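First the structure, in the form of structure tokens, and then the observations on it.
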Amino acid sequence: MTAPGPDIRTRTADEGKPVADATDETSPRSTPPAERPADGEAPERPTSTPEPADRPDDAGGRWRRRRPDLLVAAIFLAGAFWVTGRGWLDHDGRLLGSRPNDQGFNEWMLAYAAHAVSHLENPFFTTLQNAPDGVNLMTNVGMQLPGLVLSPVTLLFGASFSYLLFITLNLAGTGYAWYHVLSRHLVTSRVAAFAGGLFCAFAPALVSHSNGHPHITAQWLVPFIVWRVVALARDGRPLRNGLVLGALVVAQFFVSLEILFLAALGCLMLVVGYVIFRPREALRRARPLLGGLAVTGVLVGAAAAYPLWMQFAGPQHRIGHPGNPDVYALTVGSFVRYATESVAGSPTSALRWGPNTTEQASFYGWSVVVLALGAAWWLRREIVVRVLAVVAAISAVFSIGTTWTVGTRRTDVPAPFALVSELPVFDSVVVSRFALITTVALGVLFAVAGDRVARLRLGEAGQSRLVPRLAAVALLAALLPILPTPLEARGRNPVPDFVTAGVWKDHVAPGRTLVPVPVDGMTSLYWSSAALAGFAVPEGYFLAPVSKTDATGRWGVEPQPTAKLLTAVSRGQRDTAVGPAEVEQARADVRHWKADAVALPDRARRHDDLKVVLDALYGPGQRVADVWLWDVRPLTR
């Protein structure tokens, strides 16, 4: 992130690369008064006549200039595979990370997206999960754009492959996107830009969210959105810049609405910081900024009108997030501790300091916190650093929740987030994710600090080499403890051949419901994903309203009585005897689900007891492939 204002000037050097100068009049690296350019002009940068091989029309010169970018991209991609590699060893047989249910849901979302594309169905609402009431996909994790782009991959290789590809490319793409924007618009040192991108993508925030949250790690558009907001206030072309920003915002809207909200909030914090330190300049820049945002708003409103209606007023929409927001909040001490998946971390290093293994968006450790404070103090006269400090501080405080903490204990003392916690949208945000903004602010700060070190010019040649080298050692020492370790992987229960081989098509009509036994939300999703959402399933894994008259958010829905009965039998909590009332209820429930068949897989726990119960409820079952099947179409049609 950076601040809109005259102190961030960009020009194009002879070789075509933008060069940024983000200092103010009192910065240690500012131009002396006699040599400083007039306001609005680009600072001079010493240039040399390029060799013939370096001219823009020379292929060899272009290749040499692109090699660093390709190397950076390769490093980020290698790092992403390092984090997700255990899942790639067997994408069909393993679940990556510590949140298997979240992965199952997101695999289903990708499977449904491919289904919606190939069958021209509504990408924002479906009854193929939680049949027959359905699921509002906008009030859950939409991911319509990634689902659309990955549809060919999903149709060819399956949802589990697409999920792993998505979660891997998110890390690499986010890192490279920040490197690209930083190196073109804010810093002249590509090494410094690389360090900033590395931190933004591979700090604990995105690595921990790679445990099942691809919609959170999909931040590859965020750097461009932030930079276009800055551009709105700088070059006086509100129509053009507003349209460009609008296109980026629309794209991010269909990638992750939650990340778009956090990006917008981060930009608002950026503007607040600039107003604090440069109120007159901020007022002068307000007109083009507001004009461009108006253009952006019109474009986004036109493109997102229907999904926004679905989000806030459509069927199965919800209000707020289930539970107390502080359940998902971070503690003050989490910022100086190490994440579970960091080199210096362990399975217990983050225990009780954060909500769970996924929401470890802080956990920088003492080394990074000290480095950040030192860099901010050293460059405190630069406006961009001051603004970044404001952004980092506000977002970090918000991630603490509605009350302050002491150690791992939450007090009754109100924290700033309490002022906004009940506002629309804020009431639906997972509180710990505000620290995602902090991570970006620190990543940009490190890029700026690294760039200033690289440009130091001391009296003696030996010293000019020594200082950057010492700074590089300090940076490495600070970042090494938080470098990521590979995410864990665990085996998954195999989906029956009845589903994977397509045998179900002879027994369940498209769009009708297949009921797996026991009626468990995740079992339903895994079966449906394997069939690319070809049939509907009961229950599932999603956020929904409490009831048709109460839109308060809750996890899932209340199971039907027959689902509860079958679950109790599978857990050994009741015997196999059923009475006439339970038989009548079971037949009413399959009518409610609009089911064509009920299926019991061979690997089901207490398989024989469940078969006895199902025979009593629906009559004798038949053996089909590797399941017992009960055809309930005579009861439901």
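Chain labels follow the order of the structure tokens: the first chain is A, the next B, and so on; residue numbering restarts at 1 in every chain, and ligands are counted from 1 in their shown order.
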Tell me which protein, DNA and RNA residues are within 8 Å of A:Gly158, counting only C-alpha atoms, leaving out same-chain ones fewer than 3 positions away, and put them as a CSV table (one decimal) with C-alpha atoms, in the first residue's frame.
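Output below, filename result_28.csv:
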```csv
chain,number,residue,atom,x,y,z
A,111,ALA,CA,-17.5,-28.7,-8.8
A,153,VAL,CA,-9.6,-28.3,-15.3
A,154,THR,CA,-12.4,-29.5,-13.0
A,155,LEU,CA,-14.3,-31.3,-15.7
A,161,PHE,CA,-7.2,-31.3,-8.5
A,162,SER,CA,-8.7,-27.9,-9.2
A,530,ALA,CA,-17.0,-36.5,-7.1
A,532,LEU,CA,-19.5,-32.8,-10.3
```
Just the residues within 12 Å of stretch 239-252 of chain A, please, counting only C-alpha atoms, with nothing from its chain fewer than 6 positions along; format it as a CSV table (one decimal) with N, CA and C atoms, in the first residue's frame.
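What follows is the written file around_34.csv:
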```csv
chain,number,residue,atom,x,y,z
A,142,GLY,N,-18.4,-17.5,-2.6
A,142,GLY,CA,-18.9,-17.6,-4.0
A,142,GLY,C,-17.8,-18.2,-5.0
A,143,MET,N,-16.7,-17.5,-5.1
A,143,MET,CA,-15.6,-17.9,-6.0
A,143,MET,C,-16.1,-18.1,-7.4
A,144,GLN,N,-17.0,-17.3,-7.9
A,144,GLN,CA,-17.6,-17.6,-9.3
A,144,GLN,C,-16.5,-17.5,-10.4
A,145,LEU,N,-15.6,-16.4,-10.3
A,145,LEU,CA,-14.7,-16.3,-11.3
A,145,LEU,C,-13.6,-17.4,-11.3
A,146,PRO,N,-13.0,-17.7,-10.2
A,146,PRO,CA,-12.1,-18.9,-10.2
A,146,PRO,C,-12.8,-20.2,-10.7
A,148,LEU,N,-15.2,-20.4,-12.7
A,148,LEU,CA,-15.4,-20.4,-14.2
A,148,LEU,C,-14.1,-20.7,-14.9
A,149,VAL,N,-13.0,-20.0,-14.5
A,149,VAL,CA,-11.7,-20.2,-15.1
A,149,VAL,C,-11.2,-21.6,-15.0
A,215,HIS,N,-10.5,-18.7,-1.0
A,215,HIS,CA,-11.0,-17.4,-1.2
A,215,HIS,C,-10.3,-16.3,-0.4
A,216,ILE,N,-9.6,-16.7,0.7
A,216,ILE,CA,-8.8,-15.7,1.4
A,216,ILE,C,-7.4,-15.5,0.8
A,218,ALA,N,-6.6,-15.9,-2.3
A,218,ALA,CA,-6.7,-15.4,-3.7
A,218,ALA,C,-6.6,-13.8,-3.7
A,219,GLN,N,-5.4,-13.3,-3.5
A,219,GLN,CA,-5.2,-11.9,-3.3
A,219,GLN,C,-4.4,-11.3,-4.5
A,220,TRP,N,-4.3,-12.0,-5.6
A,220,TRP,CA,-3.5,-11.5,-6.7
A,220,TRP,C,-4.0,-10.3,-7.4
A,221,LEU,N,-5.2,-9.9,-7.2
A,221,LEU,CA,-5.7,-8.6,-7.8
A,221,LEU,C,-5.6,-7.5,-6.8
A,222,VAL,N,-5.4,-7.8,-5.5
A,222,VAL,CA,-5.4,-6.7,-4.5
A,222,VAL,C,-4.3,-5.7,-4.7
A,223,PRO,N,-3.0,-6.0,-5.1
A,223,PRO,CA,-2.0,-5.0,-5.3
A,223,PRO,C,-2.4,-4.0,-6.4
A,224,PHE,N,-3.0,-4.5,-7.5
A,224,PHE,CA,-3.4,-3.7,-8.6
A,224,PHE,C,-4.6,-2.8,-8.2
A,225,ILE,N,-5.5,-3.3,-7.4
A,225,ILE,CA,-6.6,-2.4,-6.9
A,225,ILE,C,-6.1,-1.3,-6.0
A,226,VAL,N,-5.2,-1.6,-5.1
A,226,VAL,CA,-4.6,-0.6,-4.2
A,226,VAL,C,-3.9,0.5,-5.0
A,227,TRP,N,-3.1,0.0,-6.0
A,227,TRP,CA,-2.4,1.0,-6.8
A,227,TRP,C,-3.3,1.9,-7.6
A,228,ARG,N,-4.3,1.3,-8.2
A,228,ARG,CA,-5.3,2.1,-9.0
A,228,ARG,C,-6.0,3.1,-8.1
A,229,VAL,N,-6.3,2.8,-6.9
A,229,VAL,CA,-6.9,3.8,-6.0
A,229,VAL,C,-5.9,5.0,-5.8
A,230,VAL,N,-4.6,4.7,-5.6
A,230,VAL,CA,-3.6,5.7,-5.6
A,230,VAL,C,-3.6,6.6,-6.8
A,231,ALA,N,-3.7,5.9,-8.0
A,231,ALA,CA,-3.7,6.6,-9.3
A,231,ALA,C,-4.8,7.5,-9.4
A,232,LEU,N,-6.0,7.2,-8.8
A,232,LEU,CA,-7.1,8.1,-8.9
A,232,LEU,C,-6.8,9.5,-8.4
A,233,ALA,N,-6.0,9.5,-7.4
A,233,ALA,CA,-5.7,10.8,-6.7
A,233,ALA,C,-4.5,11.5,-7.3
A,258,GLU,N,-15.1,-11.0,0.5
A,258,GLU,CA,-14.5,-10.7,1.8
A,258,GLU,C,-13.2,-10.0,1.6
A,259,ILE,N,-12.4,-10.5,0.7
A,259,ILE,CA,-11.1,-9.9,0.5
A,259,ILE,C,-11.3,-8.5,-0.1
A,260,LEU,N,-12.3,-8.3,-1.0
A,260,LEU,CA,-12.6,-7.0,-1.6
A,260,LEU,C,-12.9,-6.0,-0.5
A,261,PHE,N,-13.7,-6.5,0.5
A,261,PHE,CA,-14.1,-5.6,1.6
A,261,PHE,C,-12.8,-5.2,2.4
A,262,LEU,N,-12.0,-6.2,2.7
A,262,LEU,CA,-10.8,-5.8,3.5
A,262,LEU,C,-9.8,-4.9,2.7
A,263,ALA,N,-9.8,-5.1,1.3
A,263,ALA,CA,-8.9,-4.2,0.5
A,263,ALA,C,-9.5,-2.8,0.5
A,264,ALA,N,-10.8,-2.7,0.4
A,264,ALA,CA,-11.4,-1.4,0.5
A,264,ALA,C,-11.2,-0.7,1.9
A,288,PRO,N,-10.4,14.5,-7.7
A,288,PRO,CA,-10.2,13.4,-8.7
A,288,PRO,C,-10.4,12.0,-8.1
A,289,LEU,N,-10.1,11.9,-6.8
A,289,LEU,CA,-10.3,10.6,-6.1
A,289,LEU,C,-11.8,10.3,-6.1
A,290,LEU,N,-12.6,11.2,-5.6
A,290,LEU,CA,-14.0,11.0,-5.5
A,290,LEU,C,-14.7,10.8,-6.8
A,291,GLY,N,-14.2,11.6,-7.8
A,291,GLY,CA,-14.7,11.5,-9.2
A,291,GLY,C,-14.5,10.1,-9.7
A,292,GLY,N,-13.3,9.6,-9.6
A,292,GLY,CA,-12.9,8.3,-10.1
A,292,GLY,C,-13.7,7.2,-9.3
A,293,LEU,N,-13.9,7.4,-8.0
A,293,LEU,CA,-14.6,6.4,-7.3
A,293,LEU,C,-16.1,6.3,-7.7
A,294,ALA,N,-16.6,7.5,-8.1
A,294,ALA,CA,-18.0,7.5,-8.5
A,294,ALA,C,-18.1,6.7,-9.8
A,295,VAL,N,-17.2,6.8,-10.7
A,295,VAL,CA,-17.2,6.0,-12.0
A,295,VAL,C,-17.1,4.6,-11.6
A,296,THR,N,-16.2,4.2,-10.7
A,296,THR,CA,-16.0,2.9,-10.3
A,296,THR,C,-17.3,2.3,-9.7
A,297,GLY,N,-18.0,3.1,-8.8
A,297,GLY,CA,-19.2,2.7,-8.2
A,297,GLY,C,-20.3,2.4,-9.2
A,298,VAL,N,-20.4,3.2,-10.2
A,298,VAL,CA,-21.4,3.0,-11.3
A,298,VAL,C,-21.2,1.7,-12.0
A,299,LEU,N,-19.9,1.4,-12.4
A,299,LEU,CA,-19.6,0.2,-13.1
A,299,LEU,C,-19.8,-1.0,-12.2
A,300,VAL,N,-19.4,-1.0,-10.9
A,300,VAL,CA,-19.5,-2.1,-10.0
A,300,VAL,C,-21.0,-2.3,-9.7
A,301,GLY,N,-21.7,-1.2,-9.5
A,301,GLY,CA,-23.2,-1.4,-9.3
A,301,GLY,C,-23.9,-2.1,-10.4
A,302,ALA,N,-23.6,-1.7,-11.6
A,302,ALA,CA,-24.2,-2.3,-12.8
A,302,ALA,C,-23.9,-3.8,-12.9
A,303,ALA,N,-22.6,-4.1,-12.7
A,303,ALA,CA,-22.2,-5.5,-12.9
A,303,ALA,C,-22.6,-6.4,-11.7
A,304,ALA,N,-22.7,-5.8,-10.5
A,304,ALA,CA,-22.9,-6.7,-9.3
A,304,ALA,C,-24.3,-6.5,-8.7
A,305,ALA,N,-25.2,-5.9,-9.4
A,305,ALA,CA,-26.5,-5.6,-8.8
A,305,ALA,C,-27.3,-6.9,-8.4
A,307,PRO,N,-26.0,-10.1,-7.9
A,307,PRO,CA,-25.4,-10.8,-6.8
A,307,PRO,C,-25.4,-10.1,-5.5
A,308,LEU,N,-25.4,-8.7,-5.5
A,308,LEU,CA,-25.6,-8.0,-4.3
A,308,LEU,C,-27.0,-8.2,-3.7
```
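Using only C-alpha atoms, the smallest distance between any of A:Asp602, A:Gly345, A:Thr576, A:Leu466 and A:Val627 comes from A:Asp602.
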